[in-house]
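So this block is start_1.cif, mmCIF, C-alpha atoms:
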data_protein
loop_
_atom_site.label_atom_id
_atom_site.label_comp_id
_atom_site.auth_asym_id
_atom_site.auth_seq_id
_atom_site.Cartn_x
_atom_site.Cartn_y
_atom_site.Cartn_z
CA MET A 533 9.04 17.96 -8.73
CA ILE A 534 5.51 18.91 -7.67
CA LEU A 535 5.08 19.19 -3.90
CA ASP A 536 1.88 18.86 -1.89
CA SER A 537 1.04 21.47 0.70
CA ASN A 538 -1.39 22.49 3.39
CA ALA A 539 -1.67 25.64 5.53
CA HIS A 540 1.58 25.00 7.43
CA SER A 541 3.79 22.66 5.44
CA VAL A 542 5.05 21.48 2.09
CA PHE A 543 5.59 17.76 1.61
CA LEU A 544 6.04 14.87 -0.78
CA LEU A 545 5.39 11.49 0.85
CA ASN A 546 5.36 8.61 -1.61
CA TYR A 547 5.33 4.97 -0.54
CA HIS A 548 5.76 1.60 -2.23
CA LEU A 549 3.67 -1.03 -0.45
CA ILE A 550 3.85 -4.77 -1.09
CA MET A 551 1.21 -7.01 0.48
CA VAL A 552 1.28 -10.80 0.20
CA THR A 553 -1.58 -13.25 0.53
CA LYS A 554 -1.58 -15.67 3.45
CA TYR A 555 0.68 -18.65 2.71
CA ARG A 556 1.42 -16.94 -0.63
CA ARG A 557 -1.72 -18.51 -2.06
CA GLU A 558 -2.35 -17.62 -5.69
CA VAL A 559 -5.69 -15.83 -5.49
CA PHE A 560 -5.20 -12.73 -7.66
CA ASP A 561 -6.47 -12.43 -11.18
CA ASN A 562 -7.39 -9.17 -12.93
CA GLU A 563 -10.94 -9.15 -11.58
CA ILE A 564 -9.97 -9.68 -7.94
CA SER A 565 -7.07 -7.25 -8.26
CA ASN A 566 -9.37 -4.54 -9.64
CA ALA A 567 -11.79 -5.10 -6.76
CA ALA A 568 -8.93 -4.89 -4.23
CA LYS A 569 -7.72 -1.71 -5.91
CA ALA A 570 -11.19 -0.12 -5.71
CA ILE A 571 -11.36 -0.92 -1.99
CA PHE A 572 -7.92 0.65 -1.51
CA GLU A 573 -9.04 3.84 -3.24
CA ARG A 574 -12.28 4.02 -1.26
CA ILE A 575 -10.65 3.49 2.15
CA GLY A 576 -7.67 5.66 1.22
CA THR A 577 -9.75 8.82 0.94
CA SER A 578 -10.52 8.66 4.69
CA TYR A 579 -6.78 8.56 5.41
CA LYS A 580 -5.75 11.23 2.86
CA ILE A 581 -4.06 8.59 0.72
CA GLU A 582 -3.96 8.85 -3.06
CA LEU A 583 -3.30 5.78 -5.18
CA LEU A 584 -0.70 6.43 -7.88
CA GLU A 585 -0.12 2.94 -9.28
CA TRP A 586 -1.35 -0.60 -8.65
CA ASN A 587 -0.35 -3.99 -10.02
CA HIS A 588 -0.52 -7.60 -8.94
CA ASP A 589 0.97 -11.02 -9.36
CA LYS A 590 -0.85 -14.20 -8.39
CA ASP A 591 0.06 -13.98 -4.69
CA HIS A 592 0.81 -10.31 -3.99
CA VAL A 593 0.12 -6.70 -4.92
CA HIS A 594 2.39 -3.70 -5.43
CA VAL A 595 0.97 -0.30 -4.61
CA LEU A 596 2.48 3.14 -5.12
CA PHE A 597 0.66 5.81 -3.14
CA LYS A 598 1.16 9.21 -1.62
CA ALA A 599 0.06 10.29 1.82
CA HIS A 600 -0.39 13.32 4.02
CA PRO A 601 2.01 13.96 6.96
CA LYS A 602 -0.77 13.29 9.49
CA THR A 603 -1.68 9.93 7.93
CA GLU A 604 -1.13 6.99 10.24
CA ILE A 605 0.13 4.57 7.60
CA SER A 606 0.09 1.40 9.72
CA LYS A 607 -3.50 2.08 10.83
CA PHE A 608 -4.51 2.57 7.20
CA ILE A 609 -2.80 -0.65 6.09
CA ASN A 610 -4.47 -2.63 8.88
CA ALA A 611 -7.87 -1.10 8.08
CA TYR A 612 -7.39 -1.84 4.40
CA LYS A 613 -6.27 -5.44 4.94
CA SER A 614 -9.17 -6.12 7.29
CA ALA A 615 -11.87 -4.59 5.07
CA SER A 616 -10.51 -5.96 1.80
CA SER A 617 -10.19 -9.46 3.25
CA ARG A 618 -13.83 -9.45 4.31
CA LEU A 619 -15.16 -7.82 1.13
CA LEU A 620 -13.11 -9.88 -1.32
CA LYS A 621 -14.03 -13.20 0.32
CA LYS A 622 -17.69 -12.15 0.33
CA GLY A 623 -17.67 -10.95 -3.29
CA TYR A 624 -15.55 -13.79 -4.68
CA PRO A 625 -16.36 -17.04 -2.84
CA ARG A 626 -13.83 -18.93 -4.98
CA ILE A 627 -11.09 -17.25 -2.92
CA LYS A 628 -12.04 -19.34 0.12
CA ASP A 629 -11.07 -22.53 -1.75
CA LYS A 630 -7.48 -21.30 -2.05
CA LEU A 631 -6.93 -20.16 1.54
CA TRP A 632 -6.24 -22.28 4.63
CA GLU A 633 -8.21 -20.66 7.47
CA SER A 634 -10.14 -17.46 7.08
CA LYS A 635 -7.25 -15.04 6.60
CA PHE A 636 -6.65 -13.40 3.21
CA TRP A 637 -3.47 -11.37 3.78
CA SER A 638 -0.20 -12.30 5.42
CA GLN A 639 0.27 -10.40 8.67
CA SER A 640 3.48 -8.83 7.37
CA PHE A 641 3.96 -6.28 4.60
CA CYS A 642 6.79 -4.34 2.99
CA LEU A 643 6.60 -0.53 3.00
CA ILE A 644 9.32 1.52 1.35
CA THR A 645 9.49 5.29 1.15
CA THR A 646 10.29 6.73 -2.23
CA GLY A 647 11.80 10.15 -2.49
CA GLY A 648 13.10 12.72 -4.87
CA ALA A 649 16.87 12.72 -4.35
CA PRO A 650 19.07 9.68 -3.60
CA LEU A 651 20.13 9.33 0.05
CA GLU A 652 23.77 10.11 -0.71
CA VAL A 653 22.79 13.46 -2.26
CA ILE A 654 20.71 14.37 0.80
CA LYS A 655 23.50 13.27 3.18
CA GLN A 656 26.01 15.43 1.30
CA TYR A 657 23.61 18.39 1.33
CA ILE A 658 23.26 18.11 5.13
CA ILE A 659 27.03 17.70 5.63
CA ASN A 660 27.71 20.79 3.53
CA GLN A 661 25.31 23.07 5.43
CA GLY A 662 27.01 26.15 6.82
CA GLU A 663 30.00 25.85 4.52
CA SER A 664 30.50 28.60 1.95
#

Rewrite the structure from the file as structure tokens, please.
Amino acid sequence: MILDSNAHSVFLLNYHLIMVTKYRREVFDNEISNAAKAIFERIGTSYKIELLEWNHDKDHVHVLFKAHPKTEISKFINAYKSASSRLLKKGYPRIKDKLWESKFWSQSFCLITTGGAPLEVIKQYIINQGES
């Protein structure tokens, strides 16, 4: 396992993010997905976020990324959704035909942390501290 570090800490913060289009409208194809991915990478640098993996289906995207401990994940996601909505609708006018209203993304999202060891292993490690 390779850990990230800075002057005062060592960390490994990986996240699995799932974002869905408004009303689950089928707007993603490879071209639009690649554009959305490029926007994610560009905005992510300001938040110390590194994209590890990206894929899409017609109405949602899956993103695996790693972050820094000081990253405000919800602020990043909101900034990304706002900017990508505006830029994708501007760059691909055909998207507007598939959406009801002007919104691109659903307000909700799914964010799951991914870690090294399973939770049960970590729990057992903590329980066993101080025992020898």

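In this comparison, which uses all atoms listed in the file, the residue of A:Trp586, A:Tyr579, A:Phe560, A:Tyr657 approaching A:Lys630 most closely is A:Phe560.
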
(message) Considering only C-alpha atoms, can you say which of A:Ile627, A:Val559, A:Leu535, A:Val542 comes closest to A:His592?
(response)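 Closest to A:His592 of all the choices is A:Val559.
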
(message) Residues proximal to (-2.2, -14.0, -3.7) were defined as those with any atom within 8 Å of that point in the file's coordinates, counting all atoms listed in the file. Which are they, as a ChimeraX atom specification?
(response) /A:552-554,556-560,589-593

(message) Report as a list in words all protein, DNA and RNA residues lying within 12 Å of A:Glu604, evaluated on only C-alpha atoms, omitting residues in the same chain fewer than 3 positions from it.
(response) Gly576, Ser578, Tyr579, Lys580, Ile581, Ala599, His600, Pro601, Lys607, Phe608, Ile609, Asn610 and Ala611 of chain A

Could you save the residues just selected, with C-alpha atoms, as an mmCIF file, in the coordinates of the input?
data_model
loop_
_atom_site.group_PDB
_atom_site.id
_atom_site.type_symbol
_atom_site.label_atom_id
_atom_site.label_comp_id
_atom_site.auth_asym_id
_atom_site.auth_seq_id
_atom_site.Cartn_x
_atom_site.Cartn_y
_atom_site.Cartn_z
ATOM 1 C CA GLY A 576 -7.670 5.660 1.220
ATOM 2 C CA SER A 578 -10.520 8.660 4.690
ATOM 3 C CA TYR A 579 -6.780 8.560 5.410
ATOM 4 C CA LYS A 580 -5.750 11.230 2.860
ATOM 5 C CA ILE A 581 -4.060 8.590 0.720
ATOM 6 C CA ALA A 599 0.060 10.290 1.820
ATOM 7 C CA HIS A 600 -0.390 13.320 4.020
ATOM 8 C CA PRO A 601 2.010 13.960 6.960
ATOM 9 C CA LYS A 607 -3.500 2.080 10.830
ATOM 10 C CA PHE A 608 -4.510 2.570 7.200
ATOM 11 C CA ILE A 609 -2.800 -0.650 6.090
ATOM 12 C CA ASN A 610 -4.470 -2.630 8.880
ATOM 13 C CA ALA A 611 -7.870 -1.100 8.080
#

(request) List the neighbours of A:Glu582 out to 12 Å using only C-alpha atoms; skip same-chain residues closer than 3 positions along the sequence, and give me the result as a list in words. (result)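 Non-adjacent residues within range: Asp536, Leu544, Leu545, Asn546, Tyr547, Lys569, Ala570, Phe572, Glu573, Arg574, Ile575, Gly576, Thr577, Ser578, Tyr579, Glu585, Trp586, Val595, Leu596, Phe597, Lys598, Ala599, His600 and Thr603 of chain A.
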
Selection from above, C-alpha atoms, as an mmCIF file, in the coordinates of the input, can you write it?
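The resulting file, part00.cif, is shown below:
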data_model
loop_
_atom_site.group_PDB
_atom_site.id
_atom_site.type_symbol
_atom_site.label_atom_id
_atom_site.label_comp_id
_atom_site.auth_asym_id
_atom_site.auth_seq_id
_atom_site.Cartn_x
_atom_site.Cartn_y
_atom_site.Cartn_z
ATOM 1 C CA ASP A 536 1.880 18.860 -1.890
ATOM 2 C CA LEU A 544 6.040 14.870 -0.780
ATOM 3 C CA LEU A 545 5.390 11.490 0.850
ATOM 4 C CA ASN A 546 5.360 8.610 -1.610
ATOM 5 C CA TYR A 547 5.330 4.970 -0.540
ATOM 6 C CA LYS A 569 -7.720 -1.710 -5.910
ATOM 7 C CA ALA A 570 -11.190 -0.120 -5.710
ATOM 8 C CA PHE A 572 -7.920 0.650 -1.510
ATOM 9 C CA GLU A 573 -9.040 3.840 -3.240
ATOM 10 C CA ARG A 574 -12.280 4.020 -1.260
ATOM 11 C CA ILE A 575 -10.650 3.490 2.150
ATOM 12 C CA GLY A 576 -7.670 5.660 1.220
ATOM 13 C CA THR A 577 -9.750 8.820 0.940
ATOM 14 C CA SER A 578 -10.520 8.660 4.690
ATOM 15 C CA TYR A 579 -6.780 8.560 5.410
ATOM 16 C CA GLU A 585 -0.120 2.940 -9.280
ATOM 17 C CA TRP A 586 -1.350 -0.600 -8.650
ATOM 18 C CA VAL A 595 0.970 -0.300 -4.610
ATOM 19 C CA LEU A 596 2.480 3.140 -5.120
ATOM 20 C CA PHE A 597 0.660 5.810 -3.140
ATOM 21 C CA LYS A 598 1.160 9.210 -1.620
ATOM 22 C CA ALA A 599 0.060 10.290 1.820
ATOM 23 C CA HIS A 600 -0.390 13.320 4.020
ATOM 24 C CA THR A 603 -1.680 9.930 7.930
#

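Remark: for A:Ile571, the closest of the candidate residues A:Ser617, A:Ser537, A:Gln661, A:Ser634 is A:Ser617 (distances computed over all atoms listed in the file).
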
Per-axis box centre and lengths in Å around stretch 643-660 of chain A, 8 Å margin per side, axis-aligned, as JSON:
{"center_x": 17.2, "center_y": 10.1, "center_z": 0.4, "size_x": 37.1, "size_y": 37.3, "size_z": 26.5}

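Straight-line separation from atom CA of A:Tyr612 to atom CA of A:His548: 15.1 Å.
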
(request) Find the distance between atom CA of A:Thr645 and atom CA of A:Glu663 and write it in Å to one decimal. (result)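 Atom CA of A:Glu663 lies 29.2 Å from atom CA of A:Thr645.
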
(request) Counting only C-alpha atoms, figure out which residue out of A:Leu549, A:Leu584, A:Glu652, A:Pro625 gets nearest to A:Ser640. (result) A:Leu549

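Among A:Ile654, A:Ala539, A:Ile550, A:Ile534, the residue with the shortest atom-to-atom distance to A:Cys642, counting all atoms listed in the file, is A:Ile550.
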
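Restricting the calculation to all atoms listed in the file, the smallest distance between A:Phe543 and any of A:Gln639, A:Lys628, A:Lys602, A:Gly623 is found for A:Lys602.
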
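Rounded to one decimal, atom CA of A:Leu620 and atom CA of A:Asp561 lie 12.2 Å from each other.
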